[in-house]
Amino acid sequence: MTQSLAIVTGAAGDIGRAIARRLSDDHDVILLVDIDADAAERAARALGDDERFVAMACDVTDTTSVAAMAATAAKRGAVRTLVNNAGAARAVSLHDTTPEIWRMDNALNLEAAFLCFRAVEDMLKNTHGSVVNIASVNGMNVFGHPAYSAAKAGLLHLTRLIAVEYGKFGIRSNAVAPGTVRTQAWEARAAANPDVFEEARRWYPLQRIVNPDDVADAVQFLAGPLAAAITGVCLPVDCGLTAGQAELARTFSQSSHY
């Protein structure tokens, strides 16, 4: 019997590892894809044996590298789930965003998801599989990091495009939009500023920020049978941030100056 396989990009990071761990509950094999081969291998070994958790180096912005990743996936099992999680943000303001940063952020946060989907779309057709794109609340409103945010807004539209065009093949496409997630990057900020989490939590109605497992739980739900009739949606996982986004966006706008 062919094994079911999930692909998680950006899998060496905190969110990627949490997603890989959660998807292993209902997939036989998880392909942990990351540009950092050593980090991907460490993440895979921390999760389990190399028959179930397979690390692979891949530059998701490069067509040739993505094609090689898809070929490896096909040899390992039937691709049932693609999670486009790889991403990064650079310049905080539009004023500080150079053309190079604009192109780099769009390549990683938007074009990479397109490349990965096109590389495995036939496999997803065969399994009536699911795509889950890790977007951001930044793609829903103005919270800074403009190039990243514009790319994430594009990712949300790509999510809907896939849902509409590929629904006839049984493929579902959804997005998760996290707010601030307590990752190692935020822990480093907390080391420099012990009040950073207290400062952030005031914007969140639940009075806390998201953790990686919160994101992973949403991904598992959207990729699984309980969401069989759900496609083309964006699920904010943000502890209520976007419910009060008008106030935060207004504050950001008033505080942005050069």
# chains A, B, ... in the order shown; residues from 1 in each chain; ligands from 1
call {"tool": "residues_around", "arguments": {"residues": "Pro205 (chain A)", "least_positions_apart": "5", "cutoff": "7 Å", "atoms": "only C-alpha atoms", "output": "VMD selection string"}}
result
chain A and resid 239 to 241
call {"tool": "closest_residue", "arguments": {"among": "A:Thr64, A:Thr97, A:Ala112, A:Ala20", "to": "Arg45 (chain A)", "atoms": "only C-alpha atoms"}}
result
A:Ala20
call {"tool": "closest_residue", "arguments": {"among": "A:Ala147, A:Val54, A:Ala71, A:Ala78", "to": "Glu100 (chain A)", "atoms": "only C-alpha atoms"}}
result
A:Ala147
call {"tool": "closest_residue", "arguments": {"among": "A:Leu235, A:Ala228, A:Val176, A:Ile7", "to": "Ala74 (chain A)", "atoms": "only C-alpha atoms"}}
result
A:Ile7
call {"tool": "decode", "arguments": {"residues": "region 25-113 of chain A", "atoms": "C-alpha atoms", "output": "PDB file, in the first residue's frame"}}
result
ATOM      1  CA  ASP A  25      -0.497  11.913  13.325  1.00  0.00           C
ATOM      2  CA  ASP A  26      -2.280  11.189  10.044  1.00  0.00           C
ATOM      3  CA  HIS A  27       0.459  10.916   7.385  1.00  0.00           C
ATOM      4  CA  ASP A  28       2.911   8.065   6.993  1.00  0.00           C
ATOM      5  CA  VAL A  29       5.844  10.191   5.810  1.00  0.00           C
ATOM      6  CA  ILE A  30       6.710  13.846   6.365  1.00  0.00           C
ATOM      7  CA  LEU A  31       9.174  15.511   3.994  1.00  0.00           C
ATOM      8  CA  LEU A  32      10.878  18.300   5.911  1.00  0.00           C
ATOM      9  CA  VAL A  33      12.074  20.787   3.305  1.00  0.00           C
ATOM     10  CA  ASP A  34      14.419  23.626   4.151  1.00  0.00           C
ATOM     11  CA  ILE A  35      17.198  25.595   2.490  1.00  0.00           C
ATOM     12  CA  ASP A  36      19.434  24.680   5.464  1.00  0.00           C
ATOM     13  CA  ALA A  37      20.175  20.984   5.028  1.00  0.00           C
ATOM     14  CA  ASP A  38      21.786  20.530   8.437  1.00  0.00           C
ATOM     15  CA  ALA A  39      18.937  22.281  10.247  1.00  0.00           C
ATOM     16  CA  ALA A  40      16.375  20.185   8.366  1.00  0.00           C
ATOM     17  CA  GLU A  41      18.220  17.013   9.341  1.00  0.00           C
ATOM     18  CA  ARG A  42      18.353  18.041  12.994  1.00  0.00           C
ATOM     19  CA  ALA A  43      14.647  18.804  12.962  1.00  0.00           C
ATOM     20  CA  ALA A  44      13.837  15.474  11.337  1.00  0.00           C
ATOM     21  CA  ARG A  45      15.929  13.473  13.805  1.00  0.00           C
ATOM     22  CA  ALA A  46      14.366  15.306  16.735  1.00  0.00           C
ATOM     23  CA  LEU A  47      10.943  14.243  15.463  1.00  0.00           C
ATOM     24  CA  GLY A  48      11.651  10.583  14.772  1.00  0.00           C
ATOM     25  CA  ASP A  49      13.232   7.972  12.526  1.00  0.00           C
ATOM     26  CA  ASP A  50      14.417   8.702   9.010  1.00  0.00           C
ATOM     27  CA  GLU A  51      11.814   6.460   7.408  1.00  0.00           C
ATOM     28  CA  ARG A  52       8.976   8.718   8.601  1.00  0.00           C
ATOM     29  CA  PHE A  53      10.684  12.100   8.875  1.00  0.00           C
ATOM     30  CA  VAL A  54      12.746  12.769   5.764  1.00  0.00           C
ATOM     31  CA  ALA A  55      14.933  15.880   5.588  1.00  0.00           C
ATOM     32  CA  MET A  56      15.672  17.497   2.251  1.00  0.00           C
ATOM     33  CA  ALA A  57      17.568  20.629   1.286  1.00  0.00           C
ATOM     34  CA  CYS A  58      15.650  22.750  -1.209  1.00  0.00           C
ATOM     35  CA  ASP A  59      15.662  26.351  -2.339  1.00  0.00           C
ATOM     36  CA  VAL A  60      11.934  26.859  -2.824  1.00  0.00           C
ATOM     37  CA  THR A  61      12.565  29.972  -4.937  1.00  0.00           C
ATOM     38  CA  ASP A  62      14.468  27.922  -7.529  1.00  0.00           C
ATOM     39  CA  THR A  63      12.519  25.916 -10.107  1.00  0.00           C
ATOM     40  CA  THR A  64      15.185  23.229 -10.537  1.00  0.00           C
ATOM     41  CA  SER A  65      15.544  22.710  -6.794  1.00  0.00           C
ATOM     42  CA  VAL A  66      11.770  22.499  -6.363  1.00  0.00           C
ATOM     43  CA  ALA A  67      11.518  19.952  -9.178  1.00  0.00           C
ATOM     44  CA  ALA A  68      14.114  17.779  -7.424  1.00  0.00           C
ATOM     45  CA  MET A  69      12.139  18.051  -4.193  1.00  0.00           C
ATOM     46  CA  ALA A  70       8.945  16.970  -5.956  1.00  0.00           C
ATOM     47  CA  ALA A  71      10.740  13.986  -7.518  1.00  0.00           C
ATOM     48  CA  THR A  72      11.966  12.884  -4.086  1.00  0.00           C
ATOM     49  CA  ALA A  73       8.458  13.218  -2.674  1.00  0.00           C
ATOM     50  CA  ALA A  74       7.042  11.058  -5.467  1.00  0.00           C
ATOM     51  CA  LYS A  75       9.509   8.272  -4.650  1.00  0.00           C
ATOM     52  CA  ARG A  76       8.614   8.322  -0.953  1.00  0.00           C
ATOM     53  CA  GLY A  77       4.843   8.203  -1.124  1.00  0.00           C
ATOM     54  CA  ALA A  78       1.587   9.691  -2.396  1.00  0.00           C
ATOM     55  CA  VAL A  79       1.575  13.423  -1.720  1.00  0.00           C
ATOM     56  CA  ARG A  80      -1.613  14.196   0.184  1.00  0.00           C
ATOM     57  CA  THR A  81      -0.684  17.514   1.775  1.00  0.00           C
ATOM     58  CA  LEU A  82       1.502  20.464   0.784  1.00  0.00           C
ATOM     59  CA  VAL A  83       2.207  23.073   3.441  1.00  0.00           C
ATOM     60  CA  ASN A  84       3.882  26.196   2.072  1.00  0.00           C
ATOM     61  CA  ASN A  85       5.424  27.457   5.297  1.00  0.00           C
ATOM     62  CA  ALA A  86       8.778  28.891   4.172  1.00  0.00           C
ATOM     63  CA  GLY A  87       8.930  32.650   4.587  1.00  0.00           C
ATOM     64  CA  ALA A  88      10.800  35.624   5.988  1.00  0.00           C
ATOM     65  CA  ALA A  89      10.374  39.364   6.469  1.00  0.00           C
ATOM     66  CA  ARG A  90      13.044  41.979   5.974  1.00  0.00           C
ATOM     67  CA  ALA A  91      12.531  45.775   5.901  1.00  0.00           C
ATOM     68  CA  VAL A  92      10.044  47.101   8.465  1.00  0.00           C
ATOM     69  CA  SER A  93       8.901  50.175   6.516  1.00  0.00           C
ATOM     70  CA  LEU A  94       8.190  50.946   2.878  1.00  0.00           C
ATOM     71  CA  HIS A  95      10.742  53.748   3.090  1.00  0.00           C
ATOM     72  CA  ASP A  96      13.447  51.208   3.945  1.00  0.00           C
ATOM     73  CA  THR A  97      12.355  48.642   1.356  1.00  0.00           C
ATOM     74  CA  THR A  98      14.803  48.444  -1.535  1.00  0.00           C
ATOM     75  CA  PRO A  99      13.916  46.929  -4.921  1.00  0.00           C
ATOM     76  CA  GLU A 100      16.109  43.948  -4.008  1.00  0.00           C
ATOM     77  CA  ILE A 101      14.259  43.384  -0.723  1.00  0.00           C
ATOM     78  CA  TRP A 102      10.921  43.701  -2.540  1.00  0.00           C
ATOM     79  CA  ARG A 103      11.921  41.017  -5.038  1.00  0.00           C
ATOM     80  CA  MET A 104      13.441  38.704  -2.403  1.00  0.00           C
ATOM     81  CA  ASP A 105      10.405  38.869  -0.131  1.00  0.00           C
ATOM     82  CA  ASN A 106       8.018  38.240  -2.992  1.00  0.00           C
ATOM     83  CA  ALA A 107      10.113  35.341  -4.288  1.00  0.00           C
ATOM     84  CA  LEU A 108      10.167  33.572  -0.922  1.00  0.00           C
ATOM     85  CA  ASN A 109       6.739  34.426   0.454  1.00  0.00           C
ATOM     86  CA  LEU A 110       4.648  34.186  -2.725  1.00  0.00           C
ATOM     87  CA  GLU A 111       6.392  32.793  -5.793  1.00  0.00           C
ATOM     88  CA  ALA A 112       7.813  29.832  -3.866  1.00  0.00           C
ATOM     89  CA  ALA A 113       4.318  28.654  -2.962  1.00  0.00           C
TER      90      ALA A 113
END
